[in-house]
Amino acid sequence: MPHTLMPGKGGFDTLTLTAPNGASMQVTALGAHLLRWRTPDGIERIFTSEAAVYEIGGAIRGGVPICFPQFGAFGPLPGKHGFARTLLWALDGVDSTASRWTLSDSPETRAVWDHAFSAAMLYELADRELRMALSITNTGSTPLTFTAALHPYFRVQDIRQVSISGLQGSRFRQSADDAQGTLVTAETLTFSGPRDGIYFDASTPLTLRDGERQLTITSGGGFRDVVVWNPWIETSQAMSDMEPDGYLRMVCVEAAVIESPVTLAPGESWEGRQAVSAG
Ligand code: TA6
């Protein structure tokens, strides 16, 4: 069966799609959040926490959270990462390899961010690749400004054996005080403790090596920054929605627009993309 739409975790409509080449993905209407992506060889590439909570207003731990209209605390909204990941999206279209989801402003979004917008999220399977695109249109009569990210949790076999290369030459923000950032000179990034870094103006593709497995991660469109996150053991244990040793099996490599927020005039649109190819 190429696709099914059925109540899934938390009772939310969940789309399971199997492409003709055997690749598959699962997306829940809650946050238009991608929960699983399997390449045709049957390998699961996305980490979703077994302890994740599925409820409106909350964020699912793992998968691909959509951060909009704010990444982290980079903007005027309360809390982190905006509201897009916590609201119900509508399934707008599905074919043999792709699904498209939409969200527009509502009294709920207007209460925290008083702008008219429409957002669309496209997930597409292509051979051994997952293509993701977030597009935003200003449907109001005044300009709007936002930061945003696609925040995928990639499944890895053991974070202690993982490396990421390609970030050399970007500027790394180490802390809230480090506004200008520090030039990254290391060719390869490895993991032996927590990492929560924003890499400004990062050119891609990046290569994520995980033992014999490899992912090539490419940002496109308006995503200019990259975020790399692993909470490591103490934070993992402190998170109620994370398996205590979950940090061993995940790493977030995010396509983001943070340093230079996007401003859209009435009627204008913006698109940011991330493509992930399994080697
Ligand atoms: O993108 C990295 C980050 O902003 C980290 O600081 C970390 O807290 C993570 O996102 C998860 O945030 P969340 O709000 O989902 O707990």
# chains A, B, ... in the order shown; residues from 1 in each chain; ligands from 1
>>> residues_near_ligand(ligand="ligand 1", cutoff="9 Å", atoms="only C-alpha atoms and all ligand atoms", output="mmCIF file with N, CA and C atoms, in the first residue's frame")
data_model
loop_
_atom_site.group_PDB
_atom_site.id
_atom_site.type_symbol
_atom_site.label_atom_id
_atom_site.label_comp_id
_atom_site.auth_asym_id
_atom_site.auth_seq_id
_atom_site.Cartn_x
_atom_site.Cartn_y
_atom_site.Cartn_z
ATOM 1 N N ALA A 59 6.043 19.647 22.295
ATOM 2 C CA ALA A 59 6.926 19.310 21.173
ATOM 3 C C ALA A 59 7.346 17.849 21.295
ATOM 4 N N ILE A 60 7.388 17.179 20.160
ATOM 5 C CA ILE A 60 7.776 15.766 20.130
ATOM 6 C C ILE A 60 9.303 15.689 20.197
ATOM 7 N N ARG A 61 9.818 14.843 21.081
ATOM 8 C CA ARG A 61 11.273 14.690 21.217
ATOM 9 C C ARG A 61 11.794 13.741 20.139
ATOM 10 N N GLY A 62 12.548 14.294 19.197
ATOM 11 C CA GLY A 62 13.090 13.488 18.109
ATOM 12 C C GLY A 62 12.434 13.860 16.796
ATOM 13 N N PRO A 65 11.516 18.317 14.163
ATOM 14 C CA PRO A 65 10.727 19.478 14.579
ATOM 15 C C PRO A 65 10.923 20.641 13.593
ATOM 16 N N PHE A 71 13.731 30.456 15.950
ATOM 17 C CA PHE A 71 14.660 29.412 16.360
ATOM 18 C C PHE A 71 15.107 29.719 17.789
ATOM 19 N N GLY A 72 15.070 28.715 18.668
ATOM 20 C CA GLY A 72 15.504 28.905 20.057
ATOM 21 C C GLY A 72 14.810 30.117 20.654
ATOM 22 N N ALA A 73 15.609 30.981 21.263
ATOM 23 C CA ALA A 73 15.064 32.210 21.843
ATOM 24 C C ALA A 73 15.412 33.411 20.964
ATOM 25 N N GLY A 79 9.358 31.196 25.223
ATOM 26 C CA GLY A 79 9.746 29.796 25.032
ATOM 27 C C GLY A 79 10.716 29.637 23.881
ATOM 28 N N LYS A 80 10.921 28.365 23.484
ATOM 29 C CA LYS A 80 11.906 28.060 22.445
ATOM 30 C C LYS A 80 11.261 27.519 21.183
ATOM 31 N N HIS A 81 11.837 27.904 20.056
ATOM 32 C CA HIS A 81 11.563 27.284 18.760
ATOM 33 C C HIS A 81 10.183 27.573 18.160
ATOM 34 N N ALA A 149 14.149 26.948 11.570
ATOM 35 C CA ALA A 149 15.066 25.818 11.347
ATOM 36 C C ALA A 149 14.275 24.543 11.108
ATOM 37 N N HIS A 151 14.974 20.821 12.337
ATOM 38 C CA HIS A 151 15.760 20.385 13.504
ATOM 39 C C HIS A 151 15.852 18.846 13.562
ATOM 40 N N ARG A 195 27.205 19.112 22.967
ATOM 41 C CA ARG A 195 27.480 20.102 21.920
ATOM 42 C C ARG A 195 26.192 20.825 21.605
ATOM 43 N N ASP A 196 26.251 22.143 21.540
ATOM 44 C CA ASP A 196 25.094 22.950 21.175
ATOM 45 C C ASP A 196 25.641 24.186 20.479
ATOM 46 N N GLY A 197 25.975 24.042 19.223
ATOM 47 C CA GLY A 197 26.676 25.116 18.534
ATOM 48 C C GLY A 197 25.930 25.603 17.310
ATOM 49 N N ILE A 198 25.972 26.919 17.104
ATOM 50 C CA ILE A 198 25.426 27.499 15.876
ATOM 51 C C ILE A 198 26.602 27.874 14.984
ATOM 52 N N VAL A 227 23.082 24.205 12.842
ATOM 53 C CA VAL A 227 23.163 23.969 14.289
ATOM 54 C C VAL A 227 23.478 22.495 14.504
ATOM 55 N N VAL A 228 24.403 22.234 15.414
ATOM 56 C CA VAL A 228 24.721 20.843 15.773
ATOM 57 C C VAL A 228 24.458 20.688 17.263
ATOM 58 N N TRP A 229 23.665 19.677 17.609
ATOM 59 C CA TRP A 229 23.293 19.491 19.023
ATOM 60 C C TRP A 229 23.326 18.022 19.420
ATOM 61 N N ASN A 230 23.983 17.775 20.534
ATOM 62 C CA ASN A 230 23.807 16.506 21.265
ATOM 63 C C ASN A 230 23.825 16.854 22.754
ATOM 64 N N PRO A 231 22.794 16.430 23.496
ATOM 65 C CA PRO A 231 22.673 16.866 24.893
ATOM 66 C C PRO A 231 23.644 16.152 25.839
ATOM 67 N N MET A 239 15.891 14.923 30.933
ATOM 68 C CA MET A 239 14.721 15.189 30.081
ATOM 69 C C MET A 239 13.706 14.065 30.263
ATOM 70 N N CYS A 252 21.604 16.025 16.220
ATOM 71 C CA CYS A 252 20.842 16.975 15.410
ATOM 72 C C CYS A 252 21.817 17.779 14.551
ATOM 73 N N VAL A 253 21.565 17.795 13.258
ATOM 74 C CA VAL A 253 22.317 18.659 12.331
ATOM 75 C C VAL A 253 21.245 19.454 11.601
ATOM 76 N N GLU A 254 21.131 20.718 11.952
ATOM 77 C CA GLU A 254 19.945 21.494 11.593
ATOM 78 C C GLU A 254 20.249 22.540 10.524
#
>>> residues_around(residues="Phe68 of chain A", least_positions_apart="5", cutoff="7 Å", atoms="only C-alpha atoms", output="PDB file with N, CA and C atoms, in the first residue's frame")
ATOM      1  N   HIS A  81      11.837  27.904  20.056  1.00  0.00           N
ATOM      2  CA  HIS A  81      11.563  27.284  18.760  1.00  0.00           C
ATOM      3  C   HIS A  81      10.183  27.573  18.160  1.00  0.00           C
ATOM      4  N   GLY A  82       9.429  28.549  18.747  1.00  0.00           N
ATOM      5  CA  GLY A  82       8.177  28.953  18.104  1.00  0.00           C
ATOM      6  C   GLY A  82       7.058  27.937  18.256  1.00  0.00           C
ATOM      7  N   PHE A  83       5.960  28.200  17.546  1.00  0.00           N
ATOM      8  CA  PHE A  83       4.749  27.380  17.743  1.00  0.00           C
ATOM      9  C   PHE A  83       4.504  26.330  16.663  1.00  0.00           C
ATOM     10  N   ALA A  84       5.219  26.389  15.540  1.00  0.00           N
ATOM     11  CA  ALA A  84       4.870  25.506  14.417  1.00  0.00           C
ATOM     12  C   ALA A  84       4.936  24.027  14.811  1.00  0.00           C
ATOM     13  N   THR A 147      12.891  33.911  12.444  1.00  0.00           N
ATOM     14  CA  THR A 147      14.011  32.978  12.324  1.00  0.00           C
ATOM     15  C   THR A 147      13.384  31.588  12.264  1.00  0.00           C
ATOM     16  N   ALA A 148      14.135  30.593  11.789  1.00  0.00           N
ATOM     17  CA  ALA A 148      13.515  29.277  11.583  1.00  0.00           C
ATOM     18  C   ALA A 148      14.588  28.197  11.449  1.00  0.00           C
ATOM     19  N   ALA A 149      14.149  26.948  11.570  1.00  0.00           N
ATOM     20  CA  ALA A 149      15.066  25.818  11.347  1.00  0.00           C
ATOM     21  C   ALA A 149      14.275  24.543  11.108  1.00  0.00           C
TER      22      ALA A 149
END
>>> atom_distance(atom1="atom CA of Tyr153 of chain A", atom2="atom CA of Ile56 of chain A")
20.3 Å
>>> atom_distance(atom1="atom CA of Glu259 of chain A", atom2="atom CA of Arg173 of chain A")
10.3 Å
>>> residues_around(residues="segment 124-140 of chain A", least_positions_apart="6", cutoff="6 Å", atoms="only C-alpha atoms", output="list in words")
Thr39, Thr97, Ala98, Ala116, Phe117, Ser118, Pro266, Gly267, Glu268, Ser269, Trp270, Glu271, Gly272, Arg273, Gln274, Ala275, Val276, Ser277 and Ala278 of chain A
>>> residues_around(residues="Thr207 of chain A", least_positions_apart="3", cutoff="8 Å", atoms="only C-alpha atoms", output="PyMOL selection string")
chain A and resi 163-166+214-217
>>> select_by_dssp(residues="segment 6-107 of chain A", states="strand (DSSP E or B)", output="number ranges by chain")
A: 6-7, 13-18, 24-28, 30, 33-38, 44, 46, 48, 62, 64, 66-67, 71, 74, 88, 90-94, 98-104
>>> residues_around(residues="Glu55 of chain A", least_positions_apart="6", cutoff="12 Å", atoms="only C-alpha atoms", output="MDAnalysis selection string")
chainID A and resid 8:12 28:31 61 85:88
>>> write_last_selection(atoms="N, CA and C atoms", output="PDB file, in the first residue's frame")
ATOM      1  N   GLY A   8      -2.406   8.002  14.814  1.00  0.00           N
ATOM      2  CA  GLY A   8      -1.176   7.418  15.341  1.00  0.00           C
ATOM      3  C   GLY A   8      -0.994   7.829  16.793  1.00  0.00           C
ATOM      4  N   LYS A   9       0.248   7.988  17.220  1.00  0.00           N
ATOM      5  CA  LYS A   9       0.535   8.369  18.613  1.00  0.00           C
ATOM      6  C   LYS A   9      -0.246   9.629  18.987  1.00  0.00           C
ATOM      7  N   GLY A  10      -0.863   9.623  20.163  1.00  0.00           N
ATOM      8  CA  GLY A  10      -1.636  10.765  20.633  1.00  0.00           C
ATOM      9  C   GLY A  10      -2.962  10.906  19.908  1.00  0.00           C
ATOM     10  N   GLY A  11      -3.263   9.975  18.975  1.00  0.00           N
ATOM     11  CA  GLY A  11      -4.519  10.035  18.225  1.00  0.00           C
ATOM     12  C   GLY A  11      -4.438  10.960  17.018  1.00  0.00           C
ATOM     13  N   PHE A  12      -3.256  11.520  16.726  1.00  0.00           N
ATOM     14  CA  PHE A  12      -3.137  12.461  15.606  1.00  0.00           C
ATOM     15  C   PHE A  12      -2.998  11.716  14.288  1.00  0.00           C
ATOM     16  N   THR A  28       3.430  12.922  11.289  1.00  0.00           N
ATOM     17  CA  THR A  28       2.206  13.168  12.047  1.00  0.00           C
ATOM     18  C   THR A  28       1.719  14.593  11.810  1.00  0.00           C
ATOM     19  N   ALA A  29       0.397  14.764  11.861  1.00  0.00           N
ATOM     20  CA  ALA A  29      -0.178  16.104  11.674  1.00  0.00           C
ATOM     21  C   ALA A  29       0.232  17.044  12.806  1.00  0.00           C
ATOM     22  N   LEU A  30       0.631  16.495  13.944  1.00  0.00           N
ATOM     23  CA  LEU A  30       1.086  17.331  15.055  1.00  0.00           C
ATOM     24  C   LEU A  30       2.455  17.913  14.702  1.00  0.00           C
ATOM     25  N   GLY A  31       2.448  19.180  14.334  1.00  0.00           N
ATOM     26  CA  GLY A  31       3.693  19.848  13.962  1.00  0.00           C
ATOM     27  C   GLY A  31       4.182  19.502  12.570  1.00  0.00           C
ATOM     28  N   ARG A  61       9.818  14.843  21.081  1.00  0.00           N
ATOM     29  CA  ARG A  61      11.273  14.690  21.217  1.00  0.00           C
ATOM     30  C   ARG A  61      11.794  13.741  20.139  1.00  0.00           C
ATOM     31  N   ARG A  85       5.873  23.687  15.671  1.00  0.00           N
ATOM     32  CA  ARG A  85       6.047  22.265  16.021  1.00  0.00           C
ATOM     33  C   ARG A  85       4.999  21.766  17.013  1.00  0.00           C
ATOM     34  N   THR A  86       4.205  22.694  17.566  1.00  0.00           N
ATOM     35  CA  THR A  86       3.262  22.289  18.613  1.00  0.00           C
ATOM     36  C   THR A  86       1.802  22.335  18.165  1.00  0.00           C
ATOM     37  N   LEU A  87       1.567  22.714  16.901  1.00  0.00           N
ATOM     38  CA  LEU A  87       0.186  22.874  16.420  1.00  0.00           C
ATOM     39  C   LEU A  87      -0.156  21.834  15.359  1.00  0.00           C
ATOM     40  N   LEU A  88      -1.453  21.704  15.097  1.00  0.00           N
ATOM     41  CA  LEU A  88      -1.905  20.755  14.078  1.00  0.00           C
ATOM     42  C   LEU A  88      -1.773  21.360  12.700  1.00  0.00           C
TER      43      LEU A  88
END
>>> atom_distance(atom1="atom CA of His115 of chain A", atom2="atom CA of Thr142 of chain A")
7.9 Å
>>> select_by_dssp(residues="segment 10-233 of chain A", states="helix (DSSP H, G or I)", output="PyMOL selection string")
chain A and resi 10-11+84-86+107-112+159-161+232-233
>>> write_last_selection(atoms="N, CA and C atoms", output="PDB file, in the first residue's frame")
ATOM      1  N   GLY A  10      -0.863   9.623  20.163  1.00  0.00           N
ATOM      2  CA  GLY A  10      -1.636  10.765  20.633  1.00  0.00           C
ATOM      3  C   GLY A  10      -2.962  10.906  19.908  1.00  0.00           C
ATOM      4  N   GLY A  11      -3.263   9.975  18.975  1.00  0.00           N
ATOM      5  CA  GLY A  11      -4.519  10.035  18.225  1.00  0.00           C
ATOM      6  C   GLY A  11      -4.438  10.960  17.018  1.00  0.00           C
ATOM      7  N   ALA A  84       5.219  26.389  15.540  1.00  0.00           N
ATOM      8  CA  ALA A  84       4.870  25.506  14.417  1.00  0.00           C
ATOM      9  C   ALA A  84       4.936  24.027  14.811  1.00  0.00           C
ATOM     10  N   ARG A  85       5.873  23.687  15.671  1.00  0.00           N
ATOM     11  CA  ARG A  85       6.047  22.265  16.021  1.00  0.00           C
ATOM     12  C   ARG A  85       4.999  21.766  17.013  1.00  0.00           C
ATOM     13  N   THR A  86       4.205  22.694  17.566  1.00  0.00           N
ATOM     14  CA  THR A  86       3.262  22.289  18.613  1.00  0.00           C
ATOM     15  C   THR A  86       1.802  22.335  18.165  1.00  0.00           C
ATOM     16  N   PRO A 107      -6.248  32.415  15.730  1.00  0.00           N
ATOM     17  CA  PRO A 107      -6.267  33.231  16.965  1.00  0.00           C
ATOM     18  C   PRO A 107      -5.157  32.813  17.919  1.00  0.00           C
ATOM     19  N   GLU A 108      -4.844  31.515  17.934  1.00  0.00           N
ATOM     20  CA  GLU A 108      -3.798  31.001  18.830  1.00  0.00           C
ATOM     21  C   GLU A 108      -2.409  31.555  18.465  1.00  0.00           C
ATOM     22  N   THR A 109      -2.093  31.562  17.164  1.00  0.00           N
ATOM     23  CA  THR A 109      -0.765  32.070  16.755  1.00  0.00           C
ATOM     24  C   THR A 109      -0.737  33.588  16.877  1.00  0.00           C
ATOM     25  N   ARG A 110      -1.880  34.224  16.577  1.00  0.00           N
ATOM     26  CA  ARG A 110      -1.960  35.695  16.649  1.00  0.00           C
ATOM     27  C   ARG A 110      -1.733  36.202  18.077  1.00  0.00           C
ATOM     28  N   ALA A 111      -2.117  35.368  19.044  1.00  0.00           N
ATOM     29  CA  ALA A 111      -1.964  35.778  20.445  1.00  0.00           C
ATOM     30  C   ALA A 111      -0.489  35.952  20.814  1.00  0.00           C
ATOM     31  N   VAL A 112       0.410  35.195  20.167  1.00  0.00           N
ATOM     32  CA  VAL A 112       1.839  35.317  20.512  1.00  0.00           C
ATOM     33  C   VAL A 112       2.652  35.977  19.402  1.00  0.00           C
ATOM     34  N   ILE A 159      27.106   7.702  19.178  1.00  0.00           N
ATOM     35  CA  ILE A 159      27.560   9.089  18.998  1.00  0.00           C
ATOM     36  C   ILE A 159      29.071   9.209  19.214  1.00  0.00           C
ATOM     37  N   ARG A 160      29.632   8.332  20.047  1.00  0.00           N
ATOM     38  CA  ARG A 160      31.067   8.443  20.349  1.00  0.00           C
ATOM     39  C   ARG A 160      31.933   8.076  19.148  1.00  0.00           C
ATOM     40  N   GLN A 161      31.289   7.461  18.133  1.00  0.00           N
ATOM     41  CA  GLN A 161      32.025   7.086  16.905  1.00  0.00           C
ATOM     42  C   GLN A 161      31.647   7.991  15.723  1.00  0.00           C
ATOM     43  N   TRP A 232      24.157  15.002  25.437  1.00  0.00           N
ATOM     44  CA  TRP A 232      25.022  14.131  26.244  1.00  0.00           C
ATOM     45  C   TRP A 232      24.254  13.616  27.452  1.00  0.00           C
ATOM     46  N   ILE A 233      24.972  12.956  28.340  1.00  0.00           N
ATOM     47  CA  ILE A 233      24.308  12.076  29.308  1.00  0.00           C
ATOM     48  C   ILE A 233      23.458  12.806  30.356  1.00  0.00           C
TER      49      ILE A 233
END
>>> closest_residue(among="A:Leu35, A:Leu144, A:Val27, A:Pro205", to="Trp89 of chain A", atoms="only C-alpha atoms")
A:Val27
>>> residues_around(residues="Ser170 of chain A", least_positions_apart="3", cutoff="12 Å", atoms="only C-alpha atoms", output="list in words")
Ser165, Gly166, Leu167, Arg173, Gln180, Gly181, Thr182, Leu183, Val184, Thr185, Ala186, Glu187, Gly197, Ile198, Tyr199, Phe200, Asp201, Ala202, Ser203, Thr204, Leu206, Arg224, Asp225, Val226 and Val227 of chain A
>>> residues_around(residues="Leu5 of chain A", least_positions_apart="2", cutoff="9 Å", atoms="only C-alpha atoms", output="number ranges by chain")
A: 3, 7-8, 13-17
>>> write_last_selection(atoms="N, CA and C atoms", output="CSV table (one decimal), in the first residue's frame")
chain,number,residue,atom,x,y,z
A,3,HIS,N,0.3,4.5,0.6
A,3,HIS,CA,0.3,5.3,1.8
A,3,HIS,C,-1.0,5.1,2.6
A,7,PRO,N,-5.0,7.4,12.6
A,7,PRO,CA,-4.6,8.0,13.9
A,7,PRO,C,-3.4,7.2,14.4
A,8,GLY,N,-2.4,8.0,14.8
A,8,GLY,CA,-1.2,7.4,15.3
A,8,GLY,C,-1.0,7.8,16.8
A,13,ASP,N,-3.6,12.3,13.2
A,13,ASP,CA,-3.5,11.7,11.9
A,13,ASP,C,-2.0,11.5,11.6
A,14,THR,N,-1.7,10.3,11.1
A,14,THR,CA,-0.3,10.0,10.9
A,14,THR,C,-0.2,9.4,9.5
A,15,LEU,N,0.6,9.9,8.6
A,15,LEU,CA,0.7,9.4,7.3
A,15,LEU,C,2.0,8.5,7.2
A,16,THR,N,1.7,7.3,6.7
A,16,THR,CA,2.9,6.4,6.4
A,16,THR,C,2.9,6.2,4.9
A,17,LEU,N,4.1,6.5,4.3
A,17,LEU,CA,4.2,6.5,2.9
A,17,LEU,C,5.3,5.6,2.5
